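Text of the file entry.csv, holding CSV, C-alpha atoms:
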```csv
chain,number,residue,atom,x,y,z
A,1,MET,CA,-56.3,49.0,-153.0
A,2,ARG,CA,-54.7,52.3,-153.7
A,3,SER,CA,-56.7,54.6,-156.0
A,4,ILE,CA,-55.4,56.4,-159.1
A,5,ARG,CA,-57.0,59.3,-160.9
A,6,ARG,CA,-56.5,60.0,-164.6
A,7,PRO,CA,-55.7,63.6,-165.7
A,8,ALA,CA,-58.7,65.5,-164.6
A,9,ALA,CA,-59.5,62.4,-162.5
A,10,LEU,CA,-56.3,60.3,-161.7
A,11,ALA,CA,-55.5,60.1,-158.0
A,12,VAL,CA,-53.4,57.7,-156.0
A,13,ALA,CA,-54.2,56.1,-152.7
A,14,ALA,CA,-52.1,55.6,-149.6
A,15,VAL,CA,-51.0,52.7,-147.6
A,16,ALA,CA,-53.9,50.3,-147.7
A,17,LEU,CA,-57.2,52.1,-148.0
A,18,VAL,CA,-58.3,55.0,-150.1
A,19,ALA,CA,-61.1,57.5,-150.2
A,20,PHE,CA,-63.4,56.6,-153.1
A,21,THR,CA,-66.0,59.0,-154.4
A,22,GLY,CA,-67.5,57.0,-157.3
A,23,THR,CA,-71.0,55.6,-157.2
A,24,ALA,CA,-70.4,52.2,-158.7
A,25,CYS,CA,-70.9,49.4,-156.1
A,26,GLY,CA,-71.1,45.7,-155.6
A,27,PRO,CA,-74.2,43.5,-155.5
A,28,GLU,CA,-77.0,45.1,-153.4
A,29,ASP,CA,-80.0,43.8,-151.5
A,30,ASP,CA,-83.4,45.4,-152.1
A,31,ASN,CA,-82.3,48.3,-149.9
A,32,GLY,CA,-79.1,49.0,-151.8
A,33,ASP,CA,-76.7,47.4,-149.3
A,34,PRO,CA,-73.8,45.5,-150.9
A,35,ASN,CA,-72.9,44.0,-147.5
A,36,ALA,CA,-76.3,42.3,-147.0
A,37,ALA,CA,-76.3,38.5,-146.5
A,38,ALA,CA,-75.7,36.7,-149.8
A,39,THR,CA,-78.2,34.6,-151.5
A,40,ALA,CA,-77.5,31.6,-153.7
A,41,ASP,CA,-78.1,33.6,-156.8
A,42,ASP,CA,-75.7,36.5,-156.0
A,43,GLN,CA,-72.8,34.4,-154.6
A,44,ILE,CA,-69.7,33.8,-156.7
A,45,LYS,CA,-68.0,30.4,-156.6
A,46,LEU,CA,-64.3,30.3,-157.3
A,47,PRO,CA,-63.2,28.1,-160.2
A,48,SER,CA,-63.4,24.3,-159.8
A,49,GLY,CA,-60.1,23.1,-158.5
A,50,PHE,CA,-59.1,26.2,-156.5
A,51,PRO,CA,-56.6,24.7,-154.2
A,52,THR,CA,-58.1,23.7,-151.5
A,53,SER,CA,-33.2,34.8,-134.9
A,54,LEU,CA,-33.9,38.5,-134.3
A,55,PRO,CA,-31.7,41.5,-135.4
A,56,SER,CA,-29.2,42.7,-132.9
A,57,ASP,CA,-30.5,46.3,-132.9
A,58,LEU,CA,-34.1,45.3,-131.9
A,59,PRO,CA,-35.4,47.6,-129.2
A,60,SER,CA,-35.5,46.0,-125.7
A,61,GLY,CA,-38.6,45.5,-123.7
A,62,LEU,CA,-41.1,44.9,-126.5
A,63,PRO,CA,-44.7,44.3,-125.4
A,64,THR,CA,-46.1,40.8,-125.6
A,65,THR,CA,-49.8,41.5,-124.7
A,66,ALA,CA,-52.4,44.1,-125.7
A,67,GLU,CA,-52.3,45.4,-122.1
A,68,GLU,CA,-48.5,45.8,-122.2
A,69,LEU,CA,-48.8,47.5,-125.5
A,70,GLU,CA,-51.2,50.2,-124.2
A,71,LYS,CA,-48.8,50.8,-121.3
A,72,TRP,CA,-45.8,50.8,-123.6
A,73,LYS,CA,-47.3,53.4,-125.8
A,74,LYS,CA,-47.0,55.9,-123.0
A,75,GLY,CA,-43.3,55.1,-122.7
A,76,GLY,CA,-41.2,53.4,-125.3
A,77,TRP,CA,-43.7,53.4,-128.2
A,78,LYS,CA,-42.1,56.3,-130.1
A,79,ASP,CA,-38.7,54.6,-129.9
A,80,TRP,CA,-40.3,51.5,-131.4
A,81,GLU,CA,-42.2,53.4,-134.1
A,82,ASN,CA,-39.1,55.3,-135.2
A,83,TRP,CA,-37.1,52.1,-135.2
A,84,ALA,CA,-39.7,50.1,-137.2
A,85,ARG,CA,-40.0,52.8,-139.8
A,86,GLU,CA,-36.2,53.1,-140.3
A,87,ALA,CA,-35.2,49.5,-139.8
A,88,ALA,CA,-33.6,47.6,-142.7
A,89,HIS,CA,-35.3,44.4,-141.6
A,90,PHE,CA,-38.9,43.6,-140.8
A,91,ILE,CA,-39.7,42.5,-137.3
A,92,ASN,CA,-43.2,41.8,-135.9
A,93,PRO,CA,-43.3,40.7,-132.3
A,94,ILE,CA,-46.5,38.9,-131.4
A,95,ILE,CA,-48.9,40.8,-129.1
A,96,GLU,CA,-51.4,38.3,-127.6
A,97,ASP,CA,-55.1,39.2,-127.9
A,98,LEU,CA,-54.5,42.3,-129.9
A,99,TRP,CA,-56.7,41.5,-132.8
A,100,ASP,CA,-60.1,40.7,-131.2
A,101,GLN,CA,-63.3,41.0,-133.2
A,102,GLU,CA,-63.9,44.6,-132.2
A,103,ARG,CA,-60.4,45.8,-133.2
A,104,ALA,CA,-60.5,43.8,-136.4
A,105,GLU,CA,-63.8,45.3,-137.5
A,106,GLY,CA,-62.5,48.7,-136.7
A,107,ALA,CA,-59.4,48.3,-138.9
A,108,GLU,CA,-60.5,50.4,-141.9
A,109,GLY,CA,-57.2,52.1,-142.6
A,110,ASN,CA,-56.5,55.8,-143.3
A,111,ASP,CA,-57.9,57.1,-146.6
A,112,LYS,CA,-55.7,59.7,-148.3
A,113,PRO,CA,-57.1,61.0,-151.6
A,114,VAL,CA,-54.4,63.0,-153.4
A,115,GLU,CA,-54.0,65.4,-156.2
A,116,GLU,CA,-51.2,63.9,-158.4
A,117,ASP,CA,-52.0,63.5,-162.1
A,118,ILE,CA,-50.4,60.7,-164.0
A,119,ALA,CA,-50.4,60.1,-167.7
A,120,ALA,CA,-51.6,56.6,-168.3
A,121,ASP,CA,-51.1,56.4,-172.0
A,122,GLN,CA,-47.4,55.4,-172.1
A,123,GLY,CA,-46.3,51.9,-173.1
A,124,ALA,CA,-48.9,49.2,-173.7
A,125,THR,CA,-52.3,50.3,-172.5
A,126,ASP,CA,-55.7,48.9,-173.6
A,127,PRO,CA,-59.0,50.8,-173.4
A,128,ASP,CA,-60.6,51.0,-170.0
A,129,PRO,CA,-62.5,47.8,-169.3
A,130,GLU,CA,-66.2,47.9,-168.7
A,131,PRO,CA,-67.1,47.7,-164.9
A,132,VAL,CA,-67.6,44.2,-163.6
A,133,ARG,CA,-69.9,44.1,-160.5
A,134,ALA,CA,-68.2,42.5,-157.6
A,135,VAL,CA,-70.1,39.5,-156.2
A,136,LYS,CA,-70.1,37.9,-152.8
A,137,VAL,CA,-68.0,34.8,-152.4
A,138,ALA,CA,-70.1,31.8,-151.3
A,139,THR,CA,-69.8,30.6,-147.7
A,140,PRO,CA,-68.2,28.9,-145.9
A,141,TYR,CA,-65.0,30.5,-147.1
A,142,THR,CA,-63.0,27.6,-145.6
A,143,LYS,CA,-64.5,25.5,-148.5
A,144,THR,CA,-65.1,28.0,-151.3
A,145,ALA,CA,-61.9,30.0,-151.0
A,146,PRO,CA,-59.6,28.2,-148.5
A,147,ALA,CA,-56.4,30.0,-149.7
A,148,ALA,CA,-57.9,33.4,-149.2
A,149,GLY,CA,-57.8,35.6,-146.1
A,150,LYS,CA,-57.6,39.1,-144.6
A,151,LEU,CA,-54.4,40.9,-143.5
A,152,PHE,CA,-54.5,43.2,-140.4
A,153,PHE,CA,-51.8,45.7,-139.4
A,154,ASP,CA,-51.1,49.0,-137.7
A,155,THR,CA,-49.8,52.1,-139.6
A,156,PRO,CA,-48.4,55.3,-138.1
A,157,GLU,CA,-51.8,56.8,-138.5
A,158,GLY,CA,-54.0,53.9,-137.2
A,159,GLN,CA,-55.3,50.4,-138.0
A,160,GLY,CA,-55.3,49.1,-141.6
A,161,VAL,CA,-56.4,46.1,-143.6
A,162,CYS,CA,-55.6,44.3,-146.8
A,163,SER,CA,-56.3,41.0,-148.4
A,164,ALA,CA,-53.9,38.1,-149.0
A,165,THR,CA,-53.5,34.5,-150.4
A,166,VAL,CA,-51.7,31.4,-149.2
A,167,VAL,CA,-49.1,30.3,-151.8
A,168,GLU,CA,-47.0,27.3,-152.2
A,169,ASP,CA,-43.5,27.1,-150.8
A,170,PRO,CA,-40.8,25.3,-152.9
A,171,ALA,CA,-38.8,24.5,-149.8
A,172,HIS,CA,-41.8,22.9,-148.1
A,173,PRO,CA,-44.1,21.1,-150.6
A,174,GLY,CA,-47.5,20.6,-149.1
A,175,LYS,CA,-46.5,22.5,-145.9
A,176,SER,CA,-46.3,26.1,-146.9
A,177,ASN,CA,-46.3,29.0,-144.4
A,178,LEU,CA,-46.1,31.7,-147.2
A,179,VAL,CA,-48.7,34.3,-148.0
A,180,TRP,CA,-48.8,36.7,-151.0
A,181,THR,CA,-50.1,40.3,-150.8
A,182,ALA,CA,-49.3,43.8,-152.0
A,183,GLY,CA,-46.1,45.7,-151.2
A,184,HIS,CA,-48.0,48.7,-149.8
A,185,CYS,CA,-49.6,46.3,-147.3
A,186,VAL,CA,-46.3,45.8,-145.5
A,187,HIS,CA,-44.2,48.9,-146.3
A,188,THR,CA,-45.2,52.4,-147.0
A,189,GLY,CA,-42.6,53.0,-149.8
A,190,SER,CA,-39.9,55.6,-150.5
A,191,LYS,CA,-40.8,58.0,-147.7
A,192,GLY,CA,-42.0,55.5,-145.2
A,193,GLY,CA,-41.1,52.2,-143.5
A,194,TRP,CA,-42.3,48.8,-142.4
A,195,LEU,CA,-45.8,48.5,-141.0
A,196,ARG,CA,-46.3,46.6,-137.7
A,197,ASN,CA,-48.5,44.1,-135.9
A,198,LEU,CA,-49.2,42.2,-139.2
A,199,MET,CA,-51.6,39.3,-138.8
A,200,PHE,CA,-53.1,37.1,-141.4
A,201,ALA,CA,-56.6,35.6,-140.8
A,202,PRO,CA,-57.4,32.9,-143.4
A,203,ALA,CA,-61.1,32.6,-144.2
A,204,TYR,CA,-61.8,35.7,-142.0
A,205,ASN,CA,-65.5,35.9,-141.0
A,206,ASN,CA,-66.1,32.4,-142.4
A,207,GLY,CA,-69.9,32.6,-142.4
A,208,ALA,CA,-70.2,36.1,-143.7
A,209,LEU,CA,-71.8,37.5,-140.5
A,210,PRO,CA,-72.9,41.1,-140.7
A,211,ARG,CA,-70.6,43.7,-139.0
A,212,GLY,CA,-71.3,44.0,-135.3
A,213,SER,CA,-72.7,40.5,-135.0
A,214,THR,CA,-72.2,38.6,-131.8
A,215,ALA,CA,-69.8,35.9,-132.9
A,216,THR,CA,-67.4,33.3,-131.5
A,217,GLU,CA,-63.6,33.5,-132.0
A,218,GLU,CA,-63.9,30.5,-134.3
A,219,GLN,CA,-66.6,32.1,-136.5
A,220,ILE,CA,-64.4,35.2,-137.1
A,221,PHE,CA,-61.0,33.5,-137.1
A,222,PRO,CA,-61.8,29.9,-138.1
A,223,HIS,CA,-58.2,29.0,-138.5
A,224,GLY,CA,-56.8,31.3,-135.9
A,225,GLN,CA,-54.6,34.4,-136.2
A,226,TRP,CA,-51.3,33.8,-138.1
A,227,TRP,CA,-48.8,36.5,-137.1
A,228,VAL,CA,-46.3,37.5,-139.7
A,229,GLU,CA,-42.7,36.5,-138.8
A,230,ASP,CA,-41.0,37.8,-141.9
A,231,ALA,CA,-42.0,40.0,-144.8
A,232,LYS,CA,-40.3,41.0,-148.0
A,233,THR,CA,-41.3,43.4,-150.7
A,234,SER,CA,-39.5,44.5,-153.8
A,235,ASP,CA,-36.5,46.9,-153.7
A,236,GLU,CA,-38.3,48.9,-156.4
A,237,TRP,CA,-41.4,49.4,-154.2
A,238,ILE,CA,-39.3,50.5,-151.3
A,239,ALA,CA,-37.3,52.9,-153.5
A,240,LYS,CA,-40.1,54.2,-155.8
A,241,GLY,CA,-43.4,53.5,-154.0
A,242,THR,CA,-45.3,56.5,-152.7
A,243,GLU,CA,-48.3,57.1,-150.6
A,244,THR,CA,-49.5,59.8,-153.0
A,245,GLY,CA,-48.7,58.4,-156.4
A,246,ALA,CA,-48.8,55.3,-158.6
A,247,ASN,CA,-45.1,55.2,-159.1
A,248,GLY,CA,-43.8,51.8,-158.2
A,249,ALA,CA,-47.2,50.1,-158.6
A,250,PRO,CA,-45.8,47.5,-161.1
A,251,TYR,CA,-43.6,46.3,-158.3
A,252,ASP,CA,-46.3,46.5,-155.6
A,253,PHE,CA,-46.1,42.9,-154.3
A,254,ALA,CA,-44.9,41.1,-151.2
A,255,VAL,CA,-44.5,37.7,-149.6
A,256,LEU,CA,-44.9,36.9,-146.0
A,257,LYS,CA,-43.8,34.1,-143.7
A,258,VAL,CA,-46.4,33.4,-140.9
A,259,LYS,CA,-46.4,31.5,-137.6
A,260,ASN,CA,-48.8,28.8,-136.5
A,261,PRO,CA,-50.9,30.3,-133.6
A,262,ALA,CA,-51.6,26.9,-132.2
A,263,GLY,CA,-48.0,25.7,-131.9
A,264,ASN,CA,-49.0,22.3,-133.1
A,265,GLY,CA,-46.5,22.0,-135.8
A,266,LYS,CA,-49.0,22.1,-138.7
A,267,SER,CA,-48.3,24.5,-141.5
A,268,LEU,CA,-50.7,27.1,-142.8
A,269,GLU,CA,-51.2,25.1,-146.0
A,270,GLU,CA,-52.0,21.9,-144.0
A,271,THR,CA,-54.4,23.9,-141.8
A,272,VAL,CA,-56.4,25.6,-144.5
A,273,GLY,CA,-56.1,22.7,-147.0
A,274,ALA,CA,-54.9,24.9,-149.9
A,275,ALA,CA,-52.0,26.9,-151.3
A,276,LEU,CA,-51.8,28.4,-154.8
A,277,PRO,CA,-48.9,28.0,-157.1
A,278,ILE,CA,-47.5,31.2,-158.6
A,279,TRP,CA,-47.5,31.6,-162.4
A,280,PHE,CA,-44.6,34.0,-163.0
A,281,ASP,CA,-44.4,35.8,-166.4
A,282,ALA,CA,-48.0,34.9,-167.2
A,283,PRO,CA,-49.1,36.3,-170.6
A,284,PHE,CA,-51.4,39.4,-171.0
A,285,GLY,CA,-54.9,39.7,-172.4
A,286,SER,CA,-56.7,36.9,-174.1
A,287,GLU,CA,-53.6,34.7,-174.0
A,288,ILE,CA,-54.2,34.2,-170.4
A,289,GLY,CA,-58.0,33.9,-170.6
A,290,GLN,CA,-60.3,34.9,-167.7
A,291,ILE,CA,-58.8,36.3,-164.6
A,292,GLY,CA,-60.6,36.1,-161.3
A,293,ASN,CA,-59.8,38.0,-158.1
A,294,TRP,CA,-61.1,38.3,-154.6
A,295,GLY,CA,-60.8,40.5,-151.6
A,296,TYR,CA,-62.4,42.1,-148.5
A,297,PRO,CA,-63.3,45.6,-149.8
A,298,ALA,CA,-63.7,48.0,-146.8
A,299,ALA,CA,-64.1,51.5,-148.3
A,300,PRO,CA,-67.8,52.5,-148.9
A,301,PRO,CA,-70.1,51.1,-150.0
A,302,TYR,CA,-68.5,48.0,-148.5
A,303,ASP,CA,-67.7,47.4,-144.9
A,304,GLY,CA,-64.8,45.0,-144.9
A,305,VAL,CA,-66.3,42.0,-143.3
A,306,LEU,CA,-67.4,40.1,-146.4
A,307,MET,CA,-65.4,38.5,-149.2
A,308,PHE,CA,-66.2,39.6,-152.8
A,309,GLY,CA,-64.8,38.6,-156.2
A,310,CYS,CA,-64.8,39.6,-159.9
A,311,GLU,CA,-64.0,37.8,-163.1
A,312,ASP,CA,-63.0,39.4,-166.4
A,313,THR,CA,-60.8,39.1,-169.5
A,314,PRO,CA,-57.7,41.2,-168.6
A,315,GLY,CA,-56.2,44.1,-170.5
A,316,ARG,CA,-52.9,46.0,-170.1
A,317,LEU,CA,-52.1,49.2,-168.2
A,318,SER,CA,-48.8,51.1,-168.4
A,319,LEU,CA,-48.2,54.1,-166.1
A,320,PHE,CA,-44.6,55.1,-166.7
A,321,GLN,CA,-41.9,54.6,-169.2
A,322,GLY,CA,-39.3,52.1,-168.0
A,323,GLN,CA,-41.7,50.4,-165.6
A,324,PRO,CA,-43.5,47.1,-166.5
A,325,THR,CA,-47.0,46.9,-167.9
A,326,MET,CA,-49.7,45.8,-165.4
A,327,HIS,CA,-52.7,43.5,-165.7
A,328,ARG,CA,-56.1,45.3,-165.5
A,329,ILE,CA,-59.7,44.0,-165.2
A,330,GLY,CA,-63.1,45.5,-164.7
A,331,CYS,CA,-64.1,45.3,-161.0
A,332,THR,CA,-66.1,47.5,-158.6
A,333,MET,CA,-64.2,46.5,-155.4
A,334,THR,CA,-62.8,49.4,-153.3
A,335,GLY,CA,-60.0,49.9,-150.7
A,336,GLY,CA,-59.3,46.9,-148.4
A,337,SER,CA,-59.2,44.6,-151.4
A,338,SER,CA,-55.5,45.5,-151.9
A,339,GLY,CA,-53.2,42.5,-152.0
A,340,GLY,CA,-56.1,40.1,-152.8
A,341,GLY,CA,-55.1,37.3,-155.2
A,342,TRP,CA,-55.7,37.3,-158.9
A,343,TYR,CA,-55.9,33.7,-160.3
A,344,ALA,CA,-56.1,32.2,-163.8
A,345,THR,CA,-56.0,28.7,-165.2
A,346,GLY,CA,-52.3,27.9,-165.4
A,347,PRO,CA,-50.4,25.8,-168.0
A,348,ASP,CA,-51.2,22.6,-166.1
A,349,GLY,CA,-54.9,23.4,-166.2
A,350,LYS,CA,-55.1,24.3,-162.5
A,351,PRO,CA,-55.7,27.7,-160.9
A,352,ALA,CA,-52.5,29.7,-160.2
A,353,LEU,CA,-51.8,33.1,-158.7
A,354,VAL,CA,-50.9,35.6,-161.4
A,355,SER,CA,-51.1,39.0,-159.6
A,356,ASN,CA,-52.5,40.9,-156.7
A,357,THR,CA,-54.7,44.0,-156.4
A,358,SER,CA,-52.7,47.2,-156.3
A,359,ILE,CA,-54.5,50.3,-157.7
A,360,GLY,CA,-57.9,51.3,-159.1
A,361,PRO,CA,-59.7,54.5,-160.1
A,362,THR,CA,-61.8,56.7,-157.9
A,363,GLU,CA,-64.8,55.7,-159.9
A,364,ASN,CA,-64.5,52.1,-158.7
A,365,THR,CA,-64.7,50.6,-162.2
A,366,TRP,CA,-61.5,48.6,-162.6
A,367,LEU,CA,-58.5,47.2,-160.7
A,368,ALA,CA,-54.9,46.8,-161.8
A,369,GLY,CA,-52.2,44.5,-160.4
A,370,PRO,CA,-48.5,43.9,-161.2
A,371,ARG,CA,-47.4,41.3,-163.7
A,372,LEU,CA,-45.3,38.9,-161.5
A,373,GLY,CA,-42.0,38.8,-163.4
A,374,LYS,CA,-38.3,38.1,-162.5
A,375,GLU,CA,-38.3,40.5,-159.6
A,376,ALA,CA,-41.3,38.9,-158.0
A,377,GLU,CA,-39.9,35.4,-158.6
A,378,ALA,CA,-36.5,36.3,-157.1
A,379,LEU,CA,-38.3,37.7,-154.0
A,380,TYR,CA,-40.4,34.6,-153.6
A,381,LYS,CA,-37.4,32.2,-154.0
A,382,GLU,CA,-35.4,34.3,-151.5
A,383,MET,CA,-38.1,34.0,-148.8
A,384,SER,CA,-38.4,30.3,-149.4
A,385,LYS,CA,-34.7,29.7,-149.2
A,386,GLU,CA,-34.2,31.8,-146.1
A,387,HIS,CA,-36.8,29.7,-144.2
A,388,ALA,CA,-36.0,26.3,-145.7
A,389,GLY,CA,-34.7,25.1,-142.4
A,390,ASP,CA,-37.8,26.2,-140.4
```
Starting from the file, lay out its structure as structure tokens.
Amino acid sequence: MRSIRRPAALAVAAVALVAFTGTACGPEDDNGDPNAAATADDQIKLPSGFPTSLPSDLPSGLPTTAEELEKWKKGGWKDWENWAREAAHFINPIIEDLWDQERAEGAEGNDKPVEEDIAADQGATDPDPEPVRAVKVATPYTKTAPAAGKLFFDTPEGQGVCSATVVEDPAHPGKSNLVWTAGHCVHTGSKGGWLRNLMFAPAYNNGALPRGSTATEEQIFPHGQWWVEDAKTSDEWIAKGTETGANGAPYDFAVLKVKNPAGNGKSLEETVGAALPIWFDAPFGSEIGQIGNWGYPAAPPYDGVLMFGCEDTPGRLSLFQGQPTMHRIGCTMTGGSSGGGWYATGPDGKPALVSNTSIGPTENTWLAGPRLGKEAEALYKEMSKEHAGD
């Protein structure tokens, strides 16, 4: 999540994780630790029915293993970094064994509190919602939140994390390999470029083991590591998005195409047993009813290894004239929850994705996400069409 600060307190975050200074926090144990093991009373259960060829200018000699990557950093790494940031297309060569448990737990991003003030009273904006305490999602995540997961990547400054959701694919009913997240989780915006080494881990840390626990690969990555083959974000985010401002936040969404790590022909949807439909142009406020969201908050007081969720009746937030109004709910999750899915009961009575976490205040009291309109729908259909023959 990227942070924003109202005049006298409105700041915007960078890339994926932000420095938060507020004192609000999620559920705590008796010692004040929101990351303590969950009990039956403090766990949240998601709603009943929650669905269970390369470019010609690609640099040569790309690494394919973590060992090769370390050697390559001493030689051609800068060429690759420059190319990746300037490239018109996304490319993400798989590096075997890169995201082990230690590296995954260390991916906390690069917090960048900033000083920009943004007037938030333009357009349709409702009063600030009351804080809603984030609650732990019940385990195992493979059963309680099968479409949810964590996104890992490398930025020019270091490792970063976001959250993401498996979504349906119109071109492959029941066999989707598409994942929804925030735009700033794949591209750094107007003055940046594409991020790299993107990997989606569905149901990451399935049993909610504490950070640093001795664990098997299956416990941490129960469905394996799904590397991102293709990523698309909005033209508006690429043109307007900034690391130090909320400009472009209403267009802060992205869709990913991932690759099966097992090579057994099974899709992501078949593997996890779930994929959410997307409800484009969903209504605002009480017309949509309750919205729930989830994510892996990693900025303090959280540590990024447990899944949390909030539920609230949404309001509206407008940041700039000429840019769409966003959904907003009370929620105390922090950075790392960026890109996490927002779901509501759709027209057919089943859960549907309506937004993703984009920004929130330094006080950790609410979150805002883009309303998924025509731009989001066009992006989604383009990705599905391009990979219809896969």
For segment 175-186 of chain A, please output as a CSV table (one decimal) with C-alpha atoms, in the coordinates of the input all residues within 8 Å (counting all atoms listed in the file; exclusion window: fewer than 2 positions along the same chain).
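To be explicit, this is the file written out as part32.csv:
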```csv
chain,number,residue,atom,x,y,z
A,15,VAL,CA,-51.0,52.7,-147.6
A,16,ALA,CA,-53.9,50.3,-147.7
A,161,VAL,CA,-56.4,46.1,-143.6
A,162,CYS,CA,-55.6,44.3,-146.8
A,163,SER,CA,-56.3,41.0,-148.4
A,164,ALA,CA,-53.9,38.1,-149.0
A,165,THR,CA,-53.5,34.5,-150.4
A,166,VAL,CA,-51.7,31.4,-149.2
A,167,VAL,CA,-49.1,30.3,-151.8
A,168,GLU,CA,-47.0,27.3,-152.2
A,169,ASP,CA,-43.5,27.1,-150.8
A,172,HIS,CA,-41.8,22.9,-148.1
A,173,PRO,CA,-44.1,21.1,-150.6
A,188,THR,CA,-45.2,52.4,-147.0
A,189,GLY,CA,-42.6,53.0,-149.8
A,194,TRP,CA,-42.3,48.8,-142.4
A,195,LEU,CA,-45.8,48.5,-141.0
A,196,ARG,CA,-46.3,46.6,-137.7
A,198,LEU,CA,-49.2,42.2,-139.2
A,231,ALA,CA,-42.0,40.0,-144.8
A,233,THR,CA,-41.3,43.4,-150.7
A,234,SER,CA,-39.5,44.5,-153.8
A,237,TRP,CA,-41.4,49.4,-154.2
A,241,GLY,CA,-43.4,53.5,-154.0
A,251,TYR,CA,-43.6,46.3,-158.3
A,252,ASP,CA,-46.3,46.5,-155.6
A,253,PHE,CA,-46.1,42.9,-154.3
A,254,ALA,CA,-44.9,41.1,-151.2
A,255,VAL,CA,-44.5,37.7,-149.6
A,256,LEU,CA,-44.9,36.9,-146.0
A,257,LYS,CA,-43.8,34.1,-143.7
A,258,VAL,CA,-46.4,33.4,-140.9
A,259,LYS,CA,-46.4,31.5,-137.6
A,266,LYS,CA,-49.0,22.1,-138.7
A,267,SER,CA,-48.3,24.5,-141.5
A,268,LEU,CA,-50.7,27.1,-142.8
A,269,GLU,CA,-51.2,25.1,-146.0
A,270,GLU,CA,-52.0,21.9,-144.0
A,275,ALA,CA,-52.0,26.9,-151.3
A,338,SER,CA,-55.5,45.5,-151.9
A,339,GLY,CA,-53.2,42.5,-152.0
A,340,GLY,CA,-56.1,40.1,-152.8
A,341,GLY,CA,-55.1,37.3,-155.2
A,356,ASN,CA,-52.5,40.9,-156.7
A,357,THR,CA,-54.7,44.0,-156.4
A,358,SER,CA,-52.7,47.2,-156.3
```
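Residue nearest Met383 of chain A within the list A:Asp281, A:Pro170, A:Pro361, A:Ala352: A:Pro170 [criterion: smallest interatomic distance, all atoms listed in the file].
Counting from atom CA of Glu236 of chain A, the distance to atom CA of Leu317 of chain A is 18.2 Å.
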Nearest candidate to Gly295 of chain A (options A:Met333, A:Ala274, A:Ile220, A:Ala147; using only C-alpha atoms): A:Met333
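Those residues that approach His223 of chain A to within 8 Å, counting all atoms listed in the file, are Ala201, Pro202, Ala203, Thr271 and Val272 of chain A; same-chain residues fewer than 6 positions away are not listed.
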Saved selection, atoms kept: C-alpha atoms, as a compact mmCIF listing (two decimals), keeping the file's coordinate frame:
```txt
# COMPACT_ATOMS: atom_id res chain seq x y z
CA ALA A 201 -56.60 35.60 -140.80
CA PRO A 202 -57.40 32.90 -143.40
CA ALA A 203 -61.10 32.60 -144.20
CA THR A 271 -54.40 23.90 -141.80
CA VAL A 272 -56.40 25.60 -144.50
```
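Taking atom CA of Lys136 of chain A as the reference point, atom CA of Leu306 of chain A is found at 7.3 Å.
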Output as a JSON list (two decimals), in the coordinates of the input: segment 162-170 of chain A, completed with N, CA, C and O atoms.
```
[["chain", "number", "residue", "atom", "x", "y", "z"],
["A", 162, "CYS", "N", -55.76, 44.72, -145.46],
["A", 162, "CYS", "CA", -55.60, 44.30, -146.80],
["A", 162, "CYS", "C", -56.12, 42.91, -147.00],
["A", 162, "CYS", "O", -56.72, 42.37, -146.07],
["A", 163, "SER", "N", -55.92, 42.33, -148.15],
["A", 163, "SER", "CA", -56.30, 41.00, -148.40],
["A", 163, "SER", "C", -55.04, 40.19, -148.83],
["A", 163, "SER", "O", -54.05, 40.80, -149.22],
["A", 164, "ALA", "N", -55.08, 38.86, -148.76],
["A", 164, "ALA", "CA", -53.90, 38.10, -149.00],
["A", 164, "ALA", "C", -54.24, 36.65, -149.39],
["A", 164, "ALA", "O", -55.39, 36.21, -149.20],
["A", 165, "THR", "N", -53.24, 35.89, -149.89],
["A", 165, "THR", "CA", -53.50, 34.50, -150.40],
["A", 165, "THR", "C", -52.36, 33.59, -149.96],
["A", 165, "THR", "O", -51.17, 33.94, -150.04],
["A", 166, "VAL", "N", -52.72, 32.40, -149.51],
["A", 166, "VAL", "CA", -51.70, 31.40, -149.20],
["A", 166, "VAL", "C", -51.14, 30.84, -150.50],
["A", 166, "VAL", "O", -51.88, 30.49, -151.43],
["A", 167, "VAL", "N", -49.81, 30.82, -150.58],
["A", 167, "VAL", "CA", -49.10, 30.30, -151.80],
["A", 167, "VAL", "C", -48.22, 29.18, -151.44],
["A", 167, "VAL", "O", -47.81, 29.00, -150.29],
["A", 168, "GLU", "N", -47.87, 28.39, -152.44],
["A", 168, "GLU", "CA", -47.00, 27.30, -152.20],
["A", 168, "GLU", "C", -45.58, 27.70, -151.85],
["A", 168, "GLU", "O", -45.17, 28.83, -152.15],
["A", 169, "ASP", "N", -44.85, 26.80, -151.20],
["A", 169, "ASP", "CA", -43.50, 27.10, -150.80],
["A", 169, "ASP", "C", -42.59, 25.96, -151.39],
["A", 169, "ASP", "O", -42.71, 24.80, -151.02],
["A", 170, "PRO", "N", -41.69, 26.31, -152.33],
["A", 170, "PRO", "CA", -40.80, 25.30, -152.90],
["A", 170, "PRO", "C", -40.00, 24.51, -151.94],
["A", 170, "PRO", "O", -39.70, 23.34, -152.17]]
```
